[in-house]
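What follows is the content of upload.cif (mmCIF, C-alpha atoms, pLDDT in the B column; chains and numbers go by the auth columns).
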```cif
data_start
#
loop_
_atom_site.group_PDB
_atom_site.id
_atom_site.type_symbol
_atom_site.label_atom_id
_atom_site.label_comp_id
_atom_site.label_asym_id
_atom_site.label_seq_id
_atom_site.Cartn_x
_atom_site.Cartn_y
_atom_site.Cartn_z
_atom_site.B_iso_or_equiv
_atom_site.auth_seq_id
_atom_site.auth_asym_id
ATOM 1 C CA MET A 1 -76.589 1.627 0.922 48.00 30 A
ATOM 2 C CA SER A 2 -77.063 2.115 4.620 50.00 31 A
ATOM 3 C CA ARG A 3 -75.979 -0.216 7.373 50.00 32 A
ATOM 4 C CA ASP A 4 -79.609 -0.906 8.240 52.00 33 A
ATOM 5 C CA THR A 5 -80.396 -2.509 4.895 52.00 34 A
ATOM 6 C CA HIS A 6 -77.167 -4.446 4.482 51.00 35 A
ATOM 7 C CA HIS A 7 -76.885 -7.812 6.243 51.00 36 A
ATOM 8 C CA PRO A 8 -73.449 -9.392 5.980 60.00 37 A
ATOM 9 C CA GLY A 9 -74.826 -12.928 6.114 63.00 38 A
ATOM 10 C CA VAL A 10 -77.057 -12.554 3.038 76.00 39 A
ATOM 11 C CA GLN A 11 -75.174 -13.500 -0.138 78.00 40 A
ATOM 12 C CA CYS A 12 -75.986 -14.607 -3.626 78.00 41 A
ATOM 13 C CA PRO A 13 -75.600 -18.400 -3.708 76.00 42 A
ATOM 14 C CA HIS A 14 -74.016 -18.237 -7.178 76.00 43 A
ATOM 15 C CA CYS A 15 -71.594 -15.316 -7.163 80.00 44 A
ATOM 16 C CA GLN A 16 -71.287 -14.784 -3.366 77.00 45 A
ATOM 17 C CA SER A 17 -71.903 -11.057 -3.729 79.00 46 A
ATOM 18 C CA PRO A 18 -73.592 -9.396 -0.738 81.00 47 A
ATOM 19 C CA LEU A 19 -77.294 -8.727 -1.094 75.00 48 A
ATOM 20 C CA ALA A 20 -79.185 -5.755 0.316 77.00 49 A
ATOM 21 C CA LEU A 21 -82.711 -5.679 1.660 72.00 50 A
ATOM 22 C CA VAL A 22 -84.670 -2.868 0.020 73.00 51 A
ATOM 23 C CA PRO A 23 -87.937 -1.643 1.518 74.00 52 A
ATOM 24 C CA VAL A 24 -90.846 -1.844 -0.912 71.00 53 A
ATOM 25 C CA PRO A 25 -93.377 1.002 -0.761 72.00 54 A
ATOM 26 C CA ALA A 26 -96.886 -0.086 0.097 71.00 55 A
ATOM 27 C CA ASN A 27 -98.717 0.086 -3.192 65.00 56 A
ATOM 28 C CA THR A 28 -102.332 -1.023 -3.083 55.00 57 A
ATOM 29 C CA ALA A 29 -102.607 -1.221 -6.874 61.00 58 A
ATOM 30 C CA ALA A 30 -99.888 -3.843 -7.142 60.00 59 A
ATOM 31 C CA ALA A 31 -101.019 -7.440 -7.279 62.00 60 A
ATOM 32 C CA PRO A 32 -100.008 -9.537 -4.302 64.00 61 A
ATOM 33 C CA VAL A 33 -97.073 -11.843 -4.944 66.00 62 A
ATOM 34 C CA PRO A 34 -98.129 -15.458 -4.541 67.00 63 A
ATOM 35 C CA VAL A 35 -96.162 -17.358 -1.945 68.00 64 A
ATOM 36 C CA LEU A 36 -95.151 -20.766 -3.190 67.00 65 A
ATOM 37 C CA PRO A 37 -95.026 -23.543 -0.617 70.00 66 A
ATOM 38 C CA LEU A 38 -91.575 -24.943 0.062 66.00 67 A
ATOM 39 C CA VAL A 39 -91.533 -28.564 -1.006 67.00 68 A
ATOM 40 C CA LEU A 40 -88.523 -30.596 -0.005 70.00 69 A
ATOM 41 C CA LYS A 41 -87.284 -32.850 -2.752 70.00 70 A
ATOM 42 C CA GLU A 42 -87.377 -36.456 -1.729 75.00 71 A
ATOM 43 C CA GLU A 43 -84.845 -39.053 -2.738 81.00 72 A
ATOM 44 C CA TRP A 44 -85.757 -40.569 -6.121 84.00 73 A
ATOM 45 C CA GLN A 45 -87.106 -44.083 -6.024 86.00 74 A
ATOM 46 C CA PRO A 46 -87.943 -46.289 -8.980 87.00 75 A
ATOM 47 C CA PRO A 47 -91.613 -47.009 -9.639 88.00 76 A
ATOM 48 C CA PRO A 48 -93.085 -50.231 -8.268 89.00 77 A
ATOM 49 C CA VAL A 49 -92.511 -53.303 -10.422 89.00 78 A
ATOM 50 C CA SER A 50 -96.247 -53.904 -10.755 86.00 79 A
ATOM 51 C CA GLU A 51 -96.676 -50.475 -12.399 87.00 80 A
ATOM 52 C CA VAL A 52 -93.834 -51.108 -14.825 87.00 81 A
ATOM 53 C CA LEU A 53 -95.046 -54.573 -15.802 87.00 82 A
ATOM 54 C CA ALA A 54 -98.661 -53.415 -16.132 86.00 83 A
ATOM 55 C CA VAL A 55 -97.735 -51.894 -19.502 85.00 84 A
ATOM 56 C CA TYR A 56 -96.928 -55.371 -20.827 85.00 85 A
ATOM 57 C CA ALA A 57 -99.844 -57.188 -19.184 85.00 86 A
ATOM 58 C CA GLY A 58 -102.126 -57.385 -22.218 84.00 87 A
ATOM 59 C CA ARG A 59 -99.500 -58.298 -24.811 84.00 88 A
ATOM 60 C CA ALA A 60 -99.402 -61.697 -26.473 84.00 89 A
ATOM 61 C CA LYS A 61 -96.109 -63.570 -26.713 83.00 90 A
ATOM 62 C CA ASP A 62 -94.669 -63.690 -30.209 87.00 91 A
ATOM 63 C CA THR A 63 -92.721 -66.962 -30.189 90.00 92 A
ATOM 64 C CA ALA A 64 -90.983 -66.380 -33.539 92.00 93 A
ATOM 65 C CA THR A 65 -89.578 -63.032 -32.425 92.00 94 A
ATOM 66 C CA ALA A 66 -88.645 -64.441 -29.006 91.00 95 A
ATOM 67 C CA THR A 67 -86.807 -67.368 -30.622 94.00 96 A
ATOM 68 C CA ARG A 68 -84.880 -65.075 -32.970 95.00 97 A
ATOM 69 C CA GLY A 69 -83.966 -62.782 -30.085 95.00 98 A
ATOM 70 C CA ALA A 70 -82.764 -65.689 -27.942 95.00 99 A
ATOM 71 C CA ALA A 71 -80.677 -67.030 -30.842 97.00 100 A
ATOM 72 C CA LYS A 72 -79.048 -63.608 -31.314 97.00 101 A
ATOM 73 C CA VAL A 73 -78.234 -63.386 -27.611 97.00 102 A
ATOM 74 C CA ARG A 74 -76.741 -66.909 -27.585 98.00 103 A
ATOM 75 C CA GLU A 75 -74.679 -66.146 -30.685 98.00 104 A
ATOM 76 C CA SER A 76 -73.383 -62.921 -29.153 98.00 105 A
ATOM 77 C CA LEU A 77 -72.461 -64.656 -25.894 97.00 106 A
ATOM 78 C CA ASN A 78 -70.649 -67.441 -27.764 98.00 107 A
ATOM 79 C CA ARG A 79 -68.686 -64.876 -29.818 98.00 108 A
ATOM 80 C CA ALA A 80 -67.710 -63.029 -26.637 97.00 109 A
ATOM 81 C CA ARG A 81 -66.604 -66.258 -24.940 98.00 110 A
ATOM 82 C CA SER A 82 -64.480 -67.360 -27.894 98.00 111 A
ATOM 83 C CA ALA A 83 -62.916 -63.896 -28.210 98.00 112 A
ATOM 84 C CA ALA A 84 -62.065 -63.922 -24.499 97.00 113 A
ATOM 85 C CA ALA A 85 -60.550 -67.406 -24.779 97.00 114 A
ATOM 86 C CA GLN A 86 -58.431 -66.318 -27.770 97.00 115 A
ATOM 87 C CA ARG A 87 -57.326 -63.197 -25.914 97.00 116 A
ATOM 88 C CA ARG A 88 -56.298 -65.241 -22.850 96.00 117 A
ATOM 89 C CA ALA A 89 -54.411 -67.736 -25.031 95.00 118 A
ATOM 90 C CA ALA A 90 -52.558 -64.914 -26.812 94.00 119 A
ATOM 91 C CA GLN A 91 -51.621 -63.331 -23.473 93.00 120 A
ATOM 92 C CA LYS A 92 -50.449 -66.706 -22.148 92.00 121 A
ATOM 93 C CA THR A 93 -48.208 -67.311 -25.138 90.00 122 A
ATOM 94 C CA ALA A 94 -46.863 -63.749 -24.967 89.00 123 A
ATOM 95 C CA ARG A 95 -45.851 -64.261 -21.333 89.00 124 A
ATOM 96 C CA ARG A 96 -43.871 -67.417 -22.112 84.00 125 A
ATOM 97 C CA THR A 97 -40.261 -66.663 -22.713 72.00 126 A
ATOM 98 C CA PRO A 98 -38.474 -68.824 -25.259 74.00 127 A
ATOM 99 C CA LYS A 99 -35.986 -71.151 -23.633 72.00 128 A
ATOM 100 C CA SER A 100 -32.466 -70.687 -24.787 66.00 129 A
ATOM 101 C CA ALA A 101 -30.399 -73.691 -25.858 58.00 130 A
#
```

Output the file's structure as structure tokens, nothing else.
Amino acid sequence: MSRDTHHPGVQCPHCQSPLALVPVPANTAAAPVPVLPLVLKEEWQPPPVSEVLAVYAGRAKDTATATRGAAKVRESLNRARSAAAQRRAAQKTARRTPKSA
């Protein structure tokens, strides 16, 4: 490798090994390499709400299923509240020290 083809600033981004520029002979039979345009990646943004809700626009409301779903959610919330209350009560009693006589 000669000094003319080696540029110290050109490195592999993965392994940091130095890369060399190699001259390519002009071959007319070779197909030209397509140059891809450089597209900068933009920050991801969620789709507009109207596009998301458009999927559900034509659906009819099934009241029986909605009622069952709401009952399940209420039941789950009530179980979580009672479990949290029991947990707090158990912690409160555990913190109390018995008074000696």

As a check of understanding: the span from CA of Ala86 in chain A to CA of Glu72 in chain A is 28.7 Å

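Our summary of the geometry notes that CA of Ala100 in chain A is positioned 19.9 Å from CA of Ala113 in chain A.
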
Here CA of Pro47 in chain A and CA of Pro66 in chain A stand apart by 25.7 Å

Go ahead and fit an axis-aligned box to every listed atom of range 86-97 of chain A plus 5 Å each side, and pass me the centre and edge lengths in Å, one decimal, as lines of an AutoDock Vina configuration file.
```
center_x = -93.5
center_y = -62.3
center_z = -26.4
size_x = 27.2
size_y = 20.2
size_z = 24.4
```

Please complete range 75-100 of chain A so it has N, CA, C and O atoms, and hand it over as a PDB file, keeping the file's coordinate frame.
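The result, stored in rebuild_2.pdb:
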```pdb
ATOM      1  N   PRO A  75     -87.329 -45.752  -7.763  1.00 87.00           N
ATOM      2  CA  PRO A  75     -87.943 -46.289  -8.980  1.00 87.00           C
ATOM      3  C   PRO A  75     -89.404 -46.637  -8.737  1.00 87.00           C
ATOM      4  O   PRO A  75     -89.811 -46.873  -7.598  1.00 87.00           O
ATOM      5  N   PRO A  76     -90.203 -46.662  -9.810  1.00 88.00           N
ATOM      6  CA  PRO A  76     -91.613 -47.009  -9.639  1.00 88.00           C
ATOM      7  C   PRO A  76     -91.755 -48.473  -9.235  1.00 88.00           C
ATOM      8  O   PRO A  76     -90.859 -49.274  -9.487  1.00 88.00           O
ATOM      9  N   PRO A  77     -92.873 -48.833  -8.643  1.00 89.00           N
ATOM     10  CA  PRO A  77     -93.085 -50.231  -8.268  1.00 89.00           C
ATOM     11  C   PRO A  77     -93.076 -51.136  -9.497  1.00 89.00           C
ATOM     12  O   PRO A  77     -93.483 -50.735 -10.594  1.00 89.00           O
ATOM     13  N   VAL A  78     -92.618 -52.355  -9.309  1.00 89.00           N
ATOM     14  CA  VAL A  78     -92.511 -53.303 -10.422  1.00 89.00           C
ATOM     15  C   VAL A  78     -93.874 -53.565 -11.042  1.00 89.00           C
ATOM     16  O   VAL A  78     -93.997 -53.694 -12.262  1.00 89.00           O
ATOM     17  N   SER A  79     -94.909 -53.620 -10.224  1.00 86.00           N
ATOM     18  CA  SER A  79     -96.247 -53.904 -10.755  1.00 86.00           C
ATOM     19  C   SER A  79     -96.694 -52.816 -11.733  1.00 86.00           C
ATOM     20  O   SER A  79     -97.343 -53.112 -12.737  1.00 86.00           O
ATOM     21  N   GLU A  80     -96.317 -51.554 -11.474  1.00 87.00           N
ATOM     22  CA  GLU A  80     -96.676 -50.475 -12.399  1.00 87.00           C
ATOM     23  C   GLU A  80     -95.908 -50.593 -13.708  1.00 87.00           C
ATOM     24  O   GLU A  80     -96.435 -50.341 -14.787  1.00 87.00           O
ATOM     25  N   VAL A  81     -94.649 -50.983 -13.619  1.00 87.00           N
ATOM     26  CA  VAL A  81     -93.834 -51.108 -14.825  1.00 87.00           C
ATOM     27  C   VAL A  81     -94.327 -52.260 -15.676  1.00 87.00           C
ATOM     28  O   VAL A  81     -94.449 -52.148 -16.900  1.00 87.00           O
ATOM     29  N   LEU A  82     -94.620 -53.392 -15.053  1.00 87.00           N
ATOM     30  CA  LEU A  82     -95.046 -54.573 -15.802  1.00 87.00           C
ATOM     31  C   LEU A  82     -96.482 -54.473 -16.280  1.00 87.00           C
ATOM     32  O   LEU A  82     -96.877 -55.209 -17.182  1.00 87.00           O
ATOM     33  N   ALA A  83     -97.270 -53.558 -15.715  1.00 86.00           N
ATOM     34  CA  ALA A  83     -98.661 -53.415 -16.132  1.00 86.00           C
ATOM     35  C   ALA A  83     -98.763 -52.996 -17.591  1.00 86.00           C
ATOM     36  O   ALA A  83     -99.743 -53.318 -18.269  1.00 86.00           O
ATOM     37  N   VAL A  84     -97.737 -52.318 -18.103  1.00 85.00           N
ATOM     38  CA  VAL A  84     -97.735 -51.894 -19.502  1.00 85.00           C
ATOM     39  C   VAL A  84     -97.735 -53.114 -20.423  1.00 85.00           C
ATOM     40  O   VAL A  84     -98.358 -53.123 -21.482  1.00 85.00           O
ATOM     41  N   TYR A  85     -97.065 -54.189 -19.988  1.00 85.00           N
ATOM     42  CA  TYR A  85     -96.928 -55.371 -20.827  1.00 85.00           C
ATOM     43  C   TYR A  85     -97.982 -56.433 -20.533  1.00 85.00           C
ATOM     44  O   TYR A  85     -97.960 -57.510 -21.126  1.00 85.00           O
ATOM     45  N   ALA A  86     -98.907 -56.169 -19.648  1.00 85.00           N
ATOM     46  CA  ALA A  86     -99.844 -57.188 -19.184  1.00 85.00           C
ATOM     47  C   ALA A  86    -100.718 -57.743 -20.302  1.00 85.00           C
ATOM     48  O   ALA A  86    -100.973 -58.937 -20.355  1.00 85.00           O
ATOM     49  N   GLY A  87    -101.191 -56.910 -21.203  1.00 84.00           N
ATOM     50  CA  GLY A  87    -102.126 -57.385 -22.218  1.00 84.00           C
ATOM     51  C   GLY A  87    -101.474 -57.882 -23.496  1.00 84.00           C
ATOM     52  O   GLY A  87    -102.165 -58.270 -24.432  1.00 84.00           O
ATOM     53  N   ARG A  88    -100.171 -57.913 -23.564  1.00 84.00           N
ATOM     54  CA  ARG A  88     -99.500 -58.298 -24.811  1.00 84.00           C
ATOM     55  C   ARG A  88     -99.390 -59.809 -24.952  1.00 84.00           C
ATOM     56  O   ARG A  88     -99.139 -60.521 -23.997  1.00 84.00           O
ATOM     57  N   ALA A  89     -99.554 -60.276 -26.183  1.00 84.00           N
ATOM     58  CA  ALA A  89     -99.402 -61.697 -26.473  1.00 84.00           C
ATOM     59  C   ALA A  89     -97.939 -61.983 -26.777  1.00 84.00           C
ATOM     60  O   ALA A  89     -97.210 -61.128 -27.287  1.00 84.00           O
ATOM     61  N   LYS A  90     -97.500 -63.189 -26.480  1.00 83.00           N
ATOM     62  CA  LYS A  90     -96.109 -63.570 -26.713  1.00 83.00           C
ATOM     63  C   LYS A  90     -95.940 -63.979 -28.167  1.00 83.00           C
ATOM     64  O   LYS A  90     -96.661 -64.829 -28.674  1.00 83.00           O
ATOM     65  N   ASP A  91     -94.981 -63.352 -28.824  1.00 87.00           N
ATOM     66  CA  ASP A  91     -94.669 -63.690 -30.209  1.00 87.00           C
ATOM     67  C   ASP A  91     -93.490 -64.652 -30.169  1.00 87.00           C
ATOM     68  O   ASP A  91     -92.345 -64.260 -29.979  1.00 87.00           O
ATOM     69  N   THR A  92     -93.768 -65.952 -30.360  1.00 90.00           N
ATOM     70  CA  THR A  92     -92.721 -66.962 -30.189  1.00 90.00           C
ATOM     71  C   THR A  92     -91.636 -66.867 -31.255  1.00 90.00           C
ATOM     72  O   THR A  92     -90.466 -67.129 -30.966  1.00 90.00           O
ATOM     73  N   ALA A  93     -91.990 -66.474 -32.475  1.00 92.00           N
ATOM     74  CA  ALA A  93     -90.983 -66.380 -33.539  1.00 92.00           C
ATOM     75  C   ALA A  93     -89.967 -65.286 -33.216  1.00 92.00           C
ATOM     76  O   ALA A  93     -88.749 -65.475 -33.328  1.00 92.00           O
ATOM     77  N   THR A  94     -90.469 -64.141 -32.778  1.00 92.00           N
ATOM     78  CA  THR A  94     -89.578 -63.032 -32.425  1.00 92.00           C
ATOM     79  C   THR A  94     -88.748 -63.392 -31.193  1.00 92.00           C
ATOM     80  O   THR A  94     -87.552 -63.089 -31.133  1.00 92.00           O
ATOM     81  N   ALA A  95     -89.366 -64.044 -30.215  1.00 91.00           N
ATOM     82  CA  ALA A  95     -88.645 -64.441 -29.006  1.00 91.00           C
ATOM     83  C   ALA A  95     -87.546 -65.436 -29.331  1.00 91.00           C
ATOM     84  O   ALA A  95     -86.434 -65.358 -28.792  1.00 91.00           O
ATOM     85  N   THR A  96     -87.814 -66.366 -30.237  1.00 94.00           N
ATOM     86  CA  THR A  96     -86.807 -67.368 -30.622  1.00 94.00           C
ATOM     87  C   THR A  96     -85.644 -66.714 -31.348  1.00 94.00           C
ATOM     88  O   THR A  96     -84.479 -67.025 -31.085  1.00 94.00           O
ATOM     89  N   ARG A  97     -85.954 -65.789 -32.261  1.00 95.00           N
ATOM     90  CA  ARG A  97     -84.880 -65.075 -32.970  1.00 95.00           C
ATOM     91  C   ARG A  97     -84.030 -64.260 -32.001  1.00 95.00           C
ATOM     92  O   ARG A  97     -82.808 -64.235 -32.097  1.00 95.00           O
ATOM     93  N   GLY A  98     -84.693 -63.591 -31.065  1.00 95.00           N
ATOM     94  CA  GLY A  98     -83.966 -62.782 -30.085  1.00 95.00           C
ATOM     95  C   GLY A  98     -83.071 -63.637 -29.214  1.00 95.00           C
ATOM     96  O   GLY A  98     -81.918 -63.277 -28.939  1.00 95.00           O
ATOM     97  N   ALA A  99     -83.574 -64.793 -28.775  1.00 95.00           N
ATOM     98  CA  ALA A  99     -82.764 -65.689 -27.942  1.00 95.00           C
ATOM     99  C   ALA A  99     -81.577 -66.232 -28.726  1.00 95.00           C
ATOM    100  O   ALA A  99     -80.468 -66.349 -28.185  1.00 95.00           O
ATOM    101  N   ALA A 100     -81.774 -66.535 -30.009  1.00 97.00           N
ATOM    102  CA  ALA A 100     -80.677 -67.030 -30.842  1.00 97.00           C
ATOM    103  C   ALA A 100     -79.603 -65.960 -31.005  1.00 97.00           C
ATOM    104  O   ALA A 100     -78.398 -66.259 -30.956  1.00 97.00           O
TER     105      ALA A 100
END
```
